[in-house]
Amino acid sequence: MTGSHIDHVDDSGLHATGDIRDGVLHHEHLVLHREGKLRPLCPFGEESRL
């Protein structure tokens, strides 16, 4: 990550890029934003029931 730009390559070689502007992730033709509040995760990856 450089500033607000993300360059990511995973173990399989998949490459993804994006830019964060005003808290919104812009990737290719997609605009991804958070919905609702973030909740902590339990150690097993399931959302906690707070």
# chains A, B, ... in the order shown; residues from 1 in each chain; ligands from 1
call {"tool": "residues_around", "arguments": {"residues": "Gly23 (chain A)", "least_positions_apart": "5", "cutoff": "10 Å", "atoms": "only C-alpha atoms", "output": "PDB file with C-alpha atoms, in the first residue's frame"}}
result
ATOM      1  CA  SER A   4      -4.224   5.519  -0.719  1.00  0.00           C
ATOM      2  CA  LEU A  32     -16.898  -1.013  -2.522  1.00  0.00           C
ATOM      3  CA  HIS A  33     -18.011   0.593   0.726  1.00  0.00           C
ATOM      4  CA  ARG A  34     -18.571  -0.612   4.272  1.00  0.00           C
TER       5      ARG A  34
END
call {"tool": "residues_around", "arguments": {"residues": "Thr2 (chain A)", "least_positions_apart": "6", "cutoff": "12 Å", "atoms": "only C-alpha atoms", "output": "list in words"}}
result
His8, Thr17, Gly18, Asp19 and Ile20 of chain A
call {"tool": "atom_distance", "arguments": {"atom1": "CA of Val24 (chain A)", "atom2": "CA of Ser12 (chain A)"}}
result
26.3 Å
call {"tool": "select_by_dssp", "arguments": {"residues": "region 4-44 of chain A", "states": "strand (DSSP E)", "output": "VMD selection string"}}
result
chain A and resid 5 to 9 15 to 21 24 to 27 30 to 32
call {"tool": "atom_distance", "arguments": {"atom1": "CA of Glu28 (chain A)", "atom2": "CA of Met1 (chain A)"}}
result
16.5 Å
